[in-house]
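Chemist: Have a peek at protein-v6.txt (compact mmCIF, C-alpha atoms and all ligand atoms).
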# COMPACT_ATOMS: atom_id res chain seq x y z
CA MET I 11 62.78 -117.76 -43.52
CA ALA I 12 65.32 -117.78 -40.67
CA LYS I 13 64.03 -119.26 -37.48
CA LEU I 14 63.73 -117.10 -34.35
CA ASN I 15 65.51 -118.06 -31.13
CA TRP I 16 63.24 -118.80 -28.21
CA GLY I 17 64.06 -119.39 -24.56
CA MET I 18 62.13 -120.36 -21.48
CA ILE I 19 62.37 -119.76 -17.74
CA GLY I 20 60.41 -122.22 -15.60
CA GLY I 21 58.38 -124.99 -17.17
CA GLY I 22 60.69 -127.68 -15.81
CA GLU I 23 60.07 -131.41 -15.79
CA GLY I 24 56.63 -132.23 -14.38
CA SER I 25 55.44 -128.60 -14.43
CA GLN I 26 51.86 -127.98 -15.46
CA ILE I 27 52.24 -125.36 -18.15
CA GLY I 28 55.76 -125.94 -19.50
CA PRO I 29 54.83 -128.63 -22.06
CA ALA I 30 51.99 -126.53 -23.50
CA HIS I 31 54.44 -123.69 -24.18
CA ARG I 32 56.97 -125.97 -25.83
CA LEU I 33 54.28 -127.52 -28.04
CA ALA I 34 52.90 -124.11 -28.91
CA ALA I 35 56.23 -122.43 -29.66
CA GLY I 36 57.34 -125.36 -31.82
CA LEU I 37 54.16 -125.87 -33.79
CA ASP I 38 54.66 -123.59 -36.80
CA GLY I 39 58.41 -123.98 -37.08
CA ALA I 40 58.93 -120.27 -36.43
CA PHE I 41 61.00 -120.72 -33.26
CA THR I 42 64.01 -122.80 -32.32
CA PHE I 43 64.07 -123.76 -28.64
CA ALA I 44 67.56 -122.36 -28.00
CA ALA I 45 67.98 -121.69 -24.27
CA GLY I 46 66.34 -122.23 -20.91
CA ALA I 47 66.57 -122.01 -17.13
CA LEU I 48 63.79 -124.47 -16.58
CA ASP I 49 63.82 -125.38 -12.92
CA HIS I 50 64.35 -123.80 -9.50
CA ARG I 51 66.90 -126.58 -8.89
CA ALA I 52 69.93 -125.69 -11.03
CA ASP I 53 71.07 -129.23 -11.80
CA ALA I 54 67.59 -130.47 -12.61
CA GLY I 55 67.09 -127.50 -14.94
CA ARG I 56 70.38 -128.05 -16.78
CA ASP I 57 69.75 -131.77 -17.09
CA TYR I 58 66.18 -131.46 -18.34
CA GLY I 59 67.14 -128.68 -20.76
CA GLN I 60 69.74 -130.90 -22.37
CA ARG I 61 67.33 -133.82 -22.54
CA LEU I 62 64.98 -131.50 -24.44
CA GLY I 63 67.77 -130.78 -26.92
CA LEU I 64 69.36 -127.55 -25.63
CA ALA I 65 73.10 -127.17 -26.15
CA PRO I 66 74.94 -127.68 -22.83
CA ASP I 67 76.09 -124.03 -22.73
CA ARG I 68 72.51 -122.80 -23.14
CA ALA I 69 70.86 -125.12 -20.60
CA TYR I 70 71.20 -122.79 -17.63
CA GLY I 71 70.85 -123.44 -13.93
CA ASP I 72 69.51 -120.01 -13.09
CA TRP I 73 67.70 -117.20 -14.95
CA ARG I 74 70.31 -114.58 -13.93
CA GLU I 75 73.04 -116.73 -15.42
CA MET I 76 70.88 -117.07 -18.56
CA LEU I 77 70.36 -113.31 -18.78
CA ALA I 78 74.07 -112.53 -18.43
CA ALA I 79 75.11 -115.10 -21.03
CA GLU I 80 72.32 -114.49 -23.56
CA ARG I 81 72.69 -110.70 -23.64
CA ALA I 82 76.31 -111.15 -24.73
CA ARG I 83 75.55 -113.53 -27.62
CA ALA I 84 75.31 -112.50 -31.27
CA ASP I 85 72.48 -115.04 -31.72
CA ARG I 86 70.67 -113.78 -28.63
CA LEU I 87 67.11 -114.86 -27.94
CA ASP I 88 64.33 -113.21 -29.91
CA LEU I 89 61.71 -114.15 -27.31
CA VAL I 90 61.82 -115.27 -23.67
CA THR I 91 58.84 -116.99 -22.01
CA VAL I 92 58.47 -116.67 -18.24
CA ALA I 93 56.57 -119.68 -16.86
CA THR I 94 57.75 -119.70 -13.25
CA PRO I 95 55.46 -119.37 -10.19
CA ASN I 96 53.57 -116.08 -9.90
CA ALA I 97 55.68 -114.19 -7.35
CA THR I 98 58.78 -114.29 -9.63
CA HIS I 99 57.14 -112.92 -12.80
CA PHE I 100 57.72 -109.23 -12.12
CA GLU I 101 61.41 -109.49 -11.30
CA ILE I 102 62.26 -111.77 -14.25
CA THR I 103 60.12 -109.91 -16.80
CA LYS I 104 61.57 -106.57 -15.71
CA ALA I 105 65.16 -107.79 -15.92
CA PHE I 106 64.74 -109.23 -19.42
CA LEU I 107 62.86 -106.19 -20.76
CA GLU I 108 65.56 -103.90 -19.36
CA ALA I 109 68.17 -105.97 -21.18
CA GLY I 110 66.27 -105.50 -24.46
CA PHE I 111 64.57 -108.91 -24.81
CA ASN I 112 60.99 -109.51 -25.97
CA VAL I 113 59.04 -111.28 -23.22
CA LEU I 114 55.94 -113.48 -23.06
CA CYS I 115 55.02 -113.69 -19.38
CA GLU I 116 52.59 -116.15 -17.83
CA LYS I 117 49.71 -114.66 -15.93
CA PRO I 118 49.57 -112.93 -13.53
CA MET I 119 52.16 -110.54 -14.92
CA THR I 120 52.81 -109.10 -11.44
CA MET I 121 51.60 -109.40 -7.86
CA THR I 122 50.61 -105.71 -7.43
CA VAL I 123 49.11 -102.91 -9.50
CA ASP I 124 52.19 -100.71 -8.95
CA GLU I 125 54.45 -103.40 -10.39
CA GLY I 126 52.07 -103.76 -13.34
CA GLU I 127 52.30 -100.04 -14.07
CA GLU I 128 56.07 -100.26 -13.89
CA ILE I 129 56.13 -103.06 -16.50
CA VAL I 130 53.77 -101.16 -18.81
CA ARG I 131 56.00 -98.07 -18.66
CA LEU I 132 59.15 -100.13 -19.10
CA ALA I 133 57.75 -102.01 -22.11
CA GLU I 134 56.78 -98.70 -23.70
CA ARG I 135 60.22 -97.17 -23.05
CA SER I 136 62.12 -100.24 -24.21
CA GLY I 137 60.16 -100.67 -27.44
CA ARG I 138 60.20 -104.42 -26.74
CA ILE I 139 57.19 -106.71 -26.81
CA CYS I 140 55.76 -107.58 -23.43
CA ALA I 141 52.95 -110.06 -23.91
CA VAL I 142 50.94 -111.85 -21.22
CA ASN I 143 49.70 -115.37 -21.76
CA TYR I 144 45.93 -115.05 -21.68
CA GLY I 145 46.30 -117.91 -24.10
CA TYR I 146 42.63 -118.84 -24.41
CA THR I 147 42.10 -115.75 -26.56
CA GLY I 148 44.16 -117.64 -29.14
CA TYR I 149 41.26 -119.96 -30.01
CA ALA I 150 40.14 -119.39 -33.60
CA LEU I 151 36.47 -119.03 -32.68
CA VAL I 152 37.19 -116.63 -29.81
CA ARG I 153 38.98 -114.48 -32.38
CA HIS I 154 35.99 -114.90 -34.67
CA MET I 155 33.66 -113.73 -31.89
CA ARG I 156 35.78 -110.63 -31.50
CA ALA I 157 35.68 -110.01 -35.25
CA MET I 158 31.88 -110.46 -35.36
CA VAL I 159 31.41 -107.98 -32.52
CA ALA I 160 33.84 -105.49 -34.09
CA ARG I 161 32.11 -105.56 -37.50
CA GLY I 162 28.72 -105.02 -35.86
CA ASP I 163 27.10 -108.42 -36.48
CA LEU I 164 25.47 -108.31 -33.04
CA GLY I 165 24.78 -104.58 -32.86
CA ARG I 166 25.48 -102.82 -29.58
CA ILE I 167 26.52 -105.38 -26.96
CA ARG I 168 24.12 -105.31 -24.04
CA VAL I 169 25.37 -108.08 -21.75
CA VAL I 170 28.39 -110.37 -21.57
CA VAL I 171 28.34 -113.46 -19.32
CA ALA I 172 31.63 -115.18 -18.52
CA GLU I 173 32.37 -118.25 -16.42
CA PHE I 174 35.44 -120.14 -15.31
CA ALA I 175 34.23 -122.74 -12.83
CA HIS I 176 35.85 -126.09 -12.06
CA GLY I 177 35.50 -128.58 -9.24
CA HIS I 178 39.08 -129.59 -8.58
CA HIS I 179 39.34 -128.07 -5.09
CA ALA I 180 35.97 -129.26 -3.84
CA ASP I 181 37.19 -131.92 -1.44
CA ALA I 182 37.22 -130.45 2.08
CA ALA I 183 39.31 -133.40 3.24
CA ASP I 184 42.02 -132.41 0.75
CA ALA I 185 42.02 -128.70 1.62
CA ASP I 186 45.11 -129.05 3.82
CA ASN I 187 47.12 -130.79 1.12
CA PRO I 188 50.16 -128.49 0.67
CA ARG I 189 49.62 -128.45 -3.13
CA VAL I 190 46.17 -126.95 -2.63
CA ARG I 191 46.51 -125.01 0.63
CA TRP I 192 48.98 -122.35 -0.58
CA ARG I 193 46.53 -121.14 -3.19
CA TYR I 194 44.11 -119.97 -0.49
CA ASP I 195 46.80 -118.51 1.80
CA PRO I 196 47.23 -114.73 1.36
CA ALA I 197 50.92 -114.95 2.35
CA GLN I 198 51.62 -117.03 -0.74
CA ALA I 199 48.79 -116.33 -3.17
CA GLY I 200 48.21 -112.59 -2.63
CA VAL I 201 44.81 -110.93 -2.23
CA SER I 202 42.71 -113.38 -4.23
CA ALA I 203 42.70 -117.11 -5.02
CA GLN I 204 40.09 -118.34 -7.50
CA PHE I 205 39.37 -115.02 -9.19
CA ALA I 206 43.08 -114.26 -9.63
CA ASP I 207 43.84 -117.76 -10.90
CA CYS I 208 40.87 -118.49 -13.16
CA GLY I 209 38.19 -115.79 -13.09
CA ILE I 210 40.66 -113.35 -14.57
CA HIS I 211 40.92 -115.40 -17.78
CA ALA I 212 37.14 -115.10 -18.19
CA MET I 213 37.19 -111.36 -17.51
CA HIS I 214 40.05 -110.82 -19.93
CA MET I 215 38.18 -112.80 -22.58
CA ALA I 216 35.08 -110.63 -22.05
CA SER I 217 37.24 -107.55 -22.73
CA PHE I 218 39.00 -109.17 -25.68
CA VAL I 219 35.75 -110.13 -27.41
CA THR I 220 33.79 -106.93 -26.72
CA GLY I 221 36.78 -104.62 -27.27
CA GLN I 222 35.84 -102.86 -24.02
CA ASN I 223 37.64 -102.42 -20.71
CA VAL I 224 36.19 -103.07 -17.27
CA GLU I 225 35.56 -99.80 -15.42
CA ARG I 226 33.96 -100.82 -12.13
CA LEU I 227 32.78 -103.94 -10.41
CA SER I 228 30.99 -105.44 -7.43
CA ALA I 229 32.07 -108.84 -6.10
CA ASP I 230 30.55 -111.45 -3.81
CA THR I 231 33.49 -113.62 -2.72
CA VAL I 232 33.18 -116.66 -0.45
CA SER I 233 35.36 -119.38 1.02
CA THR I 234 33.05 -122.35 1.09
CA ILE I 235 35.63 -124.49 2.93
CA ASP I 236 36.20 -123.13 6.43
CA SER I 237 39.98 -123.48 6.57
CA ARG I 238 40.41 -121.22 3.53
CA VAL I 239 41.13 -117.53 3.98
CA LEU I 240 40.84 -116.57 0.30
CA GLU I 241 37.81 -117.17 -1.92
CA ASP I 242 37.06 -120.43 -3.70
CA ASP I 243 33.91 -119.04 -5.35
CA ALA I 244 33.01 -115.57 -6.58
CA MET I 245 30.25 -113.80 -8.47
CA VAL I 246 31.35 -110.53 -10.03
CA ASN I 247 29.12 -107.93 -11.67
CA PHE I 248 30.90 -105.36 -13.80
CA ARG I 249 30.41 -102.43 -16.15
CA MET I 250 32.51 -101.83 -19.24
CA ASP I 251 33.60 -98.57 -20.84
CA GLY I 252 31.41 -99.11 -23.92
CA GLY I 253 28.29 -99.51 -21.79
CA THR I 254 28.15 -103.31 -21.71
CA VAL I 255 26.95 -105.01 -18.53
CA GLY I 256 29.16 -107.90 -17.37
CA ARG I 257 28.43 -110.97 -15.22
CA LEU I 258 31.10 -113.42 -14.17
CA TRP I 259 31.05 -116.58 -12.06
CA THR I 260 34.21 -118.36 -11.04
CA SER I 261 34.57 -121.35 -8.73
CA SER I 262 36.92 -124.15 -7.75
CA ILE I 263 34.30 -126.20 -5.88
CA ALA I 264 31.89 -126.74 -8.81
CA LEU I 265 31.91 -130.54 -8.84
CA GLY I 266 31.26 -131.93 -12.29
CA ARG I 267 32.76 -128.95 -14.04
CA GLN I 268 36.16 -129.70 -15.56
CA HIS I 269 37.82 -126.62 -17.07
CA GLY I 270 34.64 -124.59 -17.28
CA LEU I 271 35.62 -121.49 -19.26
CA THR I 272 32.65 -120.16 -21.23
CA LEU I 273 31.62 -116.86 -22.76
CA GLN I 274 28.23 -115.60 -23.90
CA VAL I 275 27.70 -112.27 -25.62
CA PHE I 276 24.24 -110.76 -26.08
CA GLY I 277 23.83 -107.85 -28.49
CA GLU I 278 20.85 -105.96 -29.92
CA THR I 279 20.74 -108.11 -33.04
CA GLY I 280 22.33 -111.41 -32.03
CA GLY I 281 23.85 -113.62 -29.36
CA LEU I 282 26.96 -115.81 -29.25
CA ARG I 283 27.85 -118.75 -26.99
CA TRP I 284 31.26 -120.48 -26.80
CA ALA I 285 32.70 -123.03 -24.37
CA GLN I 286 36.37 -123.92 -24.05
CA GLU I 287 35.60 -127.64 -23.72
CA GLN I 288 33.93 -127.60 -27.19
CA PRO I 289 36.12 -124.91 -28.74
CA ASN I 290 35.49 -125.85 -32.36
CA GLN I 291 31.84 -124.79 -32.30
CA LEU I 292 30.38 -121.33 -31.80
CA TYR I 293 26.64 -120.85 -31.39
CA HIS I 294 25.14 -117.79 -33.08
CA MET I 295 21.55 -116.70 -32.66
CA PRO I 296 20.64 -113.80 -34.99
CA LEU I 297 17.60 -111.76 -33.92
CA GLY I 298 14.57 -113.14 -35.71
CA GLY I 299 16.61 -115.98 -37.24
CA ARG I 300 17.49 -119.54 -36.27
CA LEU I 301 20.26 -120.84 -34.03
CA GLN I 302 23.37 -121.55 -36.12
CA VAL I 303 26.50 -123.55 -35.37
CA ILE I 304 29.67 -121.97 -36.71
CA GLU I 305 32.42 -124.58 -37.13
CA ARG I 306 36.10 -123.72 -36.79
CA GLY I 307 37.74 -124.14 -40.17
CA GLU I 308 34.63 -123.64 -42.32
CA GLY I 309 34.63 -121.15 -45.21
CA ASN I 310 33.92 -117.44 -44.93
CA LEU I 311 35.06 -116.91 -41.38
CA SER I 312 36.95 -113.73 -40.45
CA PRO I 313 40.63 -113.29 -41.43
CA GLU I 314 41.46 -113.48 -37.72
CA ALA I 315 39.80 -116.92 -37.41
CA ASP I 316 41.27 -118.18 -40.68
CA ARG I 317 44.76 -117.24 -39.57
CA ALA I 318 44.24 -119.01 -36.25
CA SER I 319 43.02 -122.31 -37.78
CA ARG I 320 45.45 -125.01 -38.83
CA VAL I 321 43.58 -128.24 -39.62
CA THR I 322 40.53 -128.67 -41.81
CA VAL I 323 36.95 -128.41 -40.58
CA GLY I 324 35.70 -131.32 -38.49
CA HIS I 325 39.06 -132.05 -36.82
CA ALA I 326 39.31 -130.76 -33.27
CA GLU I 327 41.87 -128.09 -32.36
CA GLY I 328 42.55 -127.52 -28.69
CA MET I 329 44.45 -125.61 -26.05
CA PRO I 330 48.07 -125.97 -27.22
CA LEU I 331 46.98 -124.69 -30.65
CA ALA I 332 45.34 -121.70 -29.00
CA PHE I 333 48.65 -120.97 -27.24
CA ALA I 334 50.38 -121.55 -30.60
CA ASN I 335 48.38 -118.66 -32.01
CA ILE I 336 49.87 -116.37 -29.36
CA TYR I 337 53.33 -117.60 -30.46
CA ALA I 338 52.39 -117.08 -34.13
CA ASP I 339 51.43 -113.49 -33.27
CA MET I 340 54.77 -113.07 -31.50
CA ALA I 341 56.68 -114.45 -34.48
CA GLU I 342 54.89 -112.13 -36.90
CA THR I 343 55.42 -109.10 -34.62
CA ILE I 344 59.12 -109.84 -34.10
CA ARG I 345 59.70 -110.42 -37.82
CA ALA I 346 57.85 -107.23 -38.76
CA GLN I 347 59.97 -105.37 -36.19
CA LYS I 348 63.20 -106.85 -37.56
CA ASP I 349 62.25 -106.16 -41.18
CA GLY I 350 60.88 -102.69 -40.44
CA ARG I 351 57.54 -103.50 -42.09
CA ALA I 352 53.91 -103.25 -40.98
CA MET I 353 52.60 -106.41 -39.36
CA ASP I 354 49.60 -108.47 -40.43
CA PRO I 355 46.68 -106.86 -38.54
CA ALA I 356 45.11 -110.32 -37.99
CA ALA I 357 48.20 -111.17 -35.89
CA ASN I 358 47.94 -108.06 -33.74
CA LEU I 359 45.73 -109.72 -31.17
CA TYR I 360 48.08 -111.00 -28.49
CA PRO I 361 47.47 -109.85 -24.89
CA ARG I 362 49.77 -107.00 -23.87
CA ALA I 363 51.35 -105.71 -20.66
CA GLU I 364 48.36 -103.32 -20.47
CA ASP I 365 46.07 -106.36 -20.24
CA GLY I 366 48.24 -107.82 -17.49
CA LEU I 367 47.97 -104.53 -15.60
CA ARG I 368 44.19 -104.21 -16.08
CA SER I 369 43.81 -107.77 -14.81
CA MET I 370 45.83 -107.02 -11.71
CA ALA I 371 43.71 -103.93 -11.00
CA ALA I 372 40.58 -106.11 -11.37
CA VAL I 373 41.99 -108.68 -8.94
CA PHE I 374 42.54 -106.00 -6.30
CA ALA I 375 39.11 -104.50 -7.00
CA VAL I 376 37.44 -107.92 -6.52
CA ALA I 377 39.27 -108.41 -3.22
CA GLN I 378 38.33 -104.91 -2.05
CA SER I 379 34.69 -105.21 -3.05
CA GLY I 380 34.43 -108.73 -1.63
CA LYS I 381 35.55 -107.44 1.77
CA ALA I 382 33.08 -104.54 1.59
CA ASP I 383 29.95 -106.65 1.07
CA GLY I 384 29.96 -106.16 -2.68
CA ALA I 385 30.40 -102.37 -2.75
CA TRP I 386 30.99 -101.06 -6.30
CA VAL I 387 34.64 -100.10 -6.75
CA ASP I 388 36.77 -98.63 -9.53
CA ALA I 389 38.51 -101.49 -11.37
CA ARG I 390 40.83 -99.37 -13.54
CA PRO I 391 44.56 -99.08 -12.86
CA PRO I 392 45.43 -95.57 -11.60
CA MET I 393 47.52 -94.78 -14.69
CA PHE I 394 44.49 -95.32 -16.94
CA ARG I 395 42.10 -93.42 -14.65
CA ALA I 396 44.11 -90.27 -15.20
CA GLU I 397 43.78 -90.69 -18.99
CA ALA I 398 40.01 -91.35 -18.95
P1 LIG I 401 54.43 -125.59 -11.64
O1 LIG I 401 54.64 -125.43 -10.18
O2 LIG I 401 53.80 -126.82 -12.17
O3 LIG I 401 55.85 -125.41 -12.40
C1 LIG I 401 56.69 -124.32 -12.15
C2 LIG I 401 58.05 -124.60 -12.78
O4 LIG I 401 58.88 -123.44 -12.64
C3 LIG I 401 58.79 -125.75 -12.12
O5 LIG I 401 59.42 -126.52 -13.14
C4 LIG I 401 59.85 -125.06 -11.26
O6 LIG I 401 61.00 -125.82 -11.04
C5 LIG I 401 60.14 -123.85 -12.10
N1 LIG I 401 60.71 -122.72 -11.35
C6 LIG I 401 60.31 -122.24 -10.16
N2 LIG I 401 61.06 -121.18 -9.81
C7 LIG I 401 61.97 -121.02 -10.79
C8 LIG I 401 63.02 -120.09 -11.00
N3 LIG I 401 63.28 -119.14 -10.12
N4 LIG I 401 63.76 -120.21 -12.11
C9 LIG I 401 63.51 -121.19 -13.03
N5 LIG I 401 62.51 -122.08 -12.88
C10 LIG I 401 61.75 -122.00 -11.78
O7 LIG I 401 53.62 -124.30 -12.07
P2 LIG I 401 52.64 -124.15 -13.33
O8 LIG I 401 51.29 -124.62 -12.95
O9 LIG I 401 53.30 -124.67 -14.55
O10 LIG I 401 52.48 -122.55 -13.39
C11 LIG I 401 53.52 -121.71 -13.80
C12 LIG I 401 52.90 -120.37 -14.18
O11 LIG I 401 52.01 -120.56 -15.27
C13 LIG I 401 52.07 -119.75 -13.05
O12 LIG I 401 52.32 -118.38 -13.02
C14 LIG I 401 50.62 -120.02 -13.46
O13 LIG I 401 49.74 -118.99 -13.01
C15 LIG I 401 50.74 -120.01 -14.96
N6 LIG I 401 49.70 -120.84 -15.59
C16 LIG I 401 48.99 -120.28 -16.62
C17 LIG I 401 48.01 -120.97 -17.29
C18 LIG I 401 47.30 -120.32 -18.43
O14 LIG I 401 46.27 -120.82 -18.84
N7 LIG I 401 47.80 -119.22 -18.99
C19 LIG I 401 47.64 -122.33 -16.87
C20 LIG I 401 48.49 -122.86 -15.81
C21 LIG I 401 49.47 -122.13 -15.19
For the structure just supplied, provide its representation as structure tokens.

Modeler:
Amino acid sequence: MAKLNWGMIGGGEGSQIGPAHRLAAGLDGAFTFAAGALDHRADAGRDYGQRLGLAPDRAYGDWREMLAAERARADRLDLVTVATPNATHFEITKAFLEAGFNVLCEKPMTMTVDEGEEIVRLAERSGRICAVNYGYTGYALVRHMRAMVARGDLGRIRVVVAEFAHGHHADAADADNPRVRWRYDPAQAGVSAQFADCGIHAMHMASFVTGQNVERLSADTVSTIDSRVLEDDAMVNFRMDGGTVGRLWTSSIALGRQHGLTLQVFGETGGLRWAQEQPNQLYHMPLGGRLQVIERGEGNLSPEADRASRVTVGHAEGMPLAFANIYADMAETIRAQKDGRAMDPAANLYPRAEDGLRSMAAVFAVAQSGKADGAWVDARPPMFRAEA
């Protein structure tokens, strides 16, 4: 099968998320890393791109240069990943979609709800893929949770409890460090810090697993370190459109917590518990039964989990393999598009522009509610309120 051409913007040398994308895109052999504008410094980007194996004429110094050159090529890119800092996502994603490229954008997709609506409309008009990297939904057992909920194993879902709490910004003495400070400064970070950066992954996962969207929410947001304007800890209560009650805690001052993404789902006939730091085990408590441990890779899991597993049971799979499942979904979608055939439904799970937009609306709702002493506010983007 011919390989697909993949390119990347951002993710330069020393970046946090760039290596995870390169590992993930390369894992199944579906993509060739063919082009990149990897750094905000043109020379550093060109140099690093070539050291990673890009041809000199496809190691670009700037994303606009990359766009102009790639759109003219016969072997143009099949997928472009945007892994630059947040404030640039909208402009770059928009430009590449308009030029007819498929895009996988890092979260947050945009900085405002209006921009998010624009991307959703543009993606629809263009017929291109616009995916957003809520990559933790790529874990095999998260996909299995979704499948169990969808086939009714837990009955009606009563409550979902999500957390994303770490302790990496707990040191008050370090709060003025420029690498930390910008995250809590509205001029650079936008309306929310910890919820927008981390809590949103947990909220998206709650939607992904339950198959429900968040309708309204109430947030208690606090800055526990005085010099911070934006929140470093938040508790968010929410209600979903299928009737499920949601609870979410997110924090960056939770000393002792490392990554701290967890999800618990409580239905009428069973409960599930999963934690990102032990992603190969899922705890299932059936009503009236005994607590069971479901292992990633064991027999008789859902087709979605089987497709997302690569190594045999008992060997740990982790975060880059979860991201790799998003890339595997992309590869299957692009190939199905090219061949004019239906795609494998088990691959149709990647987060879309709509998810990026819903997340942005939730971020603004959390900020609004937090300022209004936890008042309940509508968390839906305006374009989906009209449809409801
Ligand atoms: P970083 O600051 O470590 O790296 C950013 C990279 O982008 C640098 O190499 C920089 O030179 C490059 N860059 C900046 N502006 C550019 C431009 N105009 N053109 C080309 N390259 C440019 O940032 P990090 O932590 O890697 O985050 C990048 C994005 O990934 C952020 O939007 C962040 O929210 C997201 N992220 C997502 C995660 C997830 O779990 N989905 C986890 C971590 C980050």

Chemist: If the limit is 6 Å from any atom of ligand LIG 401 (chain I), counting all atoms listed in the file, which residues qualify? Return them as a list of chain:residue names.

Modeler: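 Those residues are I:Ile19, I:Gly20, I:Gly21, I:Gly22, I:Glu23, I:Ser25, I:Gln26, I:Ile27, I:Gly28, I:Ala47, I:Leu48, I:Asp49, I:His50, I:Asp72, I:Trp73, I:Ala93, I:Thr94, I:Pro95, I:Asn96, I:Glu116, I:Lys117, I:Asn143, I:Tyr144, I:Gly145.
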
Chemist: Using only C-alpha atoms, which protein or nucleic acid residues come within 9 Å of Pro361 (chain I)? Drop anything in the same chain fewer than 4 positions from it, and give the result as a PDB file with C-alpha atoms, keeping the file's coordinate frame.

Modeler:
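Full text of part-v2.pdb as output:
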ATOM      1  CA  CYS I 140      55.760-107.580 -23.430  1.00  0.00           C
ATOM      2  CA  ALA I 141      52.950-110.060 -23.910  1.00  0.00           C
ATOM      3  CA  VAL I 142      50.940-111.850 -21.220  1.00  0.00           C
ATOM      4  CA  ASN I 143      49.700-115.370 -21.760  1.00  0.00           C
ATOM      5  CA  TYR I 144      45.930-115.050 -21.680  1.00  0.00           C
ATOM      6  CA  GLY I 145      46.300-117.910 -24.100  1.00  0.00           C
ATOM      7  CA  THR I 147      42.100-115.750 -26.560  1.00  0.00           C
ATOM      8  CA  HIS I 214      40.050-110.820 -19.930  1.00  0.00           C
ATOM      9  CA  PHE I 218      39.000-109.170 -25.680  1.00  0.00           C
ATOM     10  CA  ILE I 336      49.870-116.370 -29.360  1.00  0.00           C
ATOM     11  CA  ASP I 365      46.070-106.360 -20.240  1.00  0.00           C
ATOM     12  CA  GLY I 366      48.240-107.820 -17.490  1.00  0.00           C
TER      13      GLY I 366
END

Chemist: Suppose you want the space between CA of Arg351 (chain I) and CA of Gly309 (chain I); what is it in Å?

Modeler: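 Separation between CA of Arg351 (chain I) and CA of Gly309 (chain I): 29.1 Å.
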
Chemist: Contacts of Gln204 (chain I) at 9 Å or less, counting all atoms listed in the file, minus same-chain residues fewer than 6 places along, as a list in words?

Modeler: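 Once the nearby chain positions are removed, what remains is Arg193, Tyr194, Ile210, Leu240, Glu241, Asp242, Asp243, Ala244, Thr260, Ser261 and Ser262 of chain I.
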
Chemist: Just write the chosen residues, C-alpha atoms, as a JSON list (two decimals), keeping the file's coordinate frame.

Modeler:
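Written output follows (again-v2.json):
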[["chain", "number", "residue", "atom", "x", "y", "z"],
["I", 193, "ARG", "CA", 46.53, -121.14, -3.19],
["I", 194, "TYR", "CA", 44.11, -119.97, -0.49],
["I", 210, "ILE", "CA", 40.66, -113.35, -14.57],
["I", 240, "LEU", "CA", 40.84, -116.57, 0.30],
["I", 241, "GLU", "CA", 37.81, -117.17, -1.92],
["I", 242, "ASP", "CA", 37.06, -120.43, -3.70],
["I", 243, "ASP", "CA", 33.91, -119.04, -5.35],
["I", 244, "ALA", "CA", 33.01, -115.57, -6.58],
["I", 260, "THR", "CA", 34.21, -118.36, -11.04],
["I", 261, "SER", "CA", 34.57, -121.35, -8.73],
["I", 262, "SER", "CA", 36.92, -124.15, -7.75]]

Chemist: Counting all atoms listed in the file, figure out which residue out of I:His99, I:Arg86, I:Arg317, I:His179 gets nearest to Asp339 (chain I).

Modeler: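 So, comparing all the options, the nearest one is I:Arg317.
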
Chemist: Hey, which of I:Thr220, I:Gln286, I:Ser228, I:Ser233 ends up closest to Asp195 (chain I)? Count all atoms listed in the file.

Modeler: I:Ser233

Chemist: Let me make sure I understand: among I:Val123, I:Val219, I:Ala84, I:Ala357, which one has the smallest atom-to-atom distance to Pro391 (chain I) if we use only C-alpha atoms?

Modeler: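 The shortest atom-to-atom distance to Pro391 (chain I) comes from I:Val123.
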
Chemist: I'd like the box whose edges run along x, y and z of the file and which contains every listed atom of region 129-147 of chain I, padded by 4 Å per side; could you state its centre and edge lengths in Å, one decimal, as lines of an AutoDock Vina configuration file?

Modeler:
center_x = 52.1
center_y = -108.0
center_z = -22.0
size_x = 28.0
size_y = 29.7
size_z = 18.9

Chemist: Which residue gives the smallest distance to Gly221 (chain I) among I:Gly252, I:Gly110, I:Pro196, I:Gly59, with only C-alpha atoms counted?

Modeler: I:Gly252

Chemist: When you count all atoms listed in the file, which of these residues is closest to Gly200 (chain I): I:Ala341, I:Ala356, I:Val239, I:Ala212?

Modeler: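 Distance minimum relative to Gly200 (chain I) lands on I:Val239.
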
Chemist: Pick from I:Tyr146, I:Phe106, I:Tyr337, I:Phe394: nearest to His269 (chain I), with all atoms listed in the file counted?

Modeler: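 Of all the options, I:Tyr146 lies closest to His269 (chain I).
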
Chemist: Using all atoms listed in the file, list the residues that have an atom at most 9 Å from (56.6, -117.5, -3.3), coordinates as in the file, as a PDB file with C-alpha atoms, in the coordinates of the input.

Modeler:
ATOM      1  CA  PRO I  95      55.460-119.370 -10.190  1.00  0.00           C
ATOM      2  CA  ASN I  96      53.570-116.080  -9.900  1.00  0.00           C
ATOM      3  CA  ALA I  97      55.680-114.190  -7.350  1.00  0.00           C
ATOM      4  CA  THR I  98      58.780-114.290  -9.630  1.00  0.00           C
ATOM      5  CA  ALA I 197      50.920-114.950   2.350  1.00  0.00           C
ATOM      6  CA  GLN I 198      51.620-117.030  -0.740  1.00  0.00           C
ATOM      7  CA  ALA I 199      48.790-116.330  -3.170  1.00  0.00           C
TER       8      ALA I 199
END
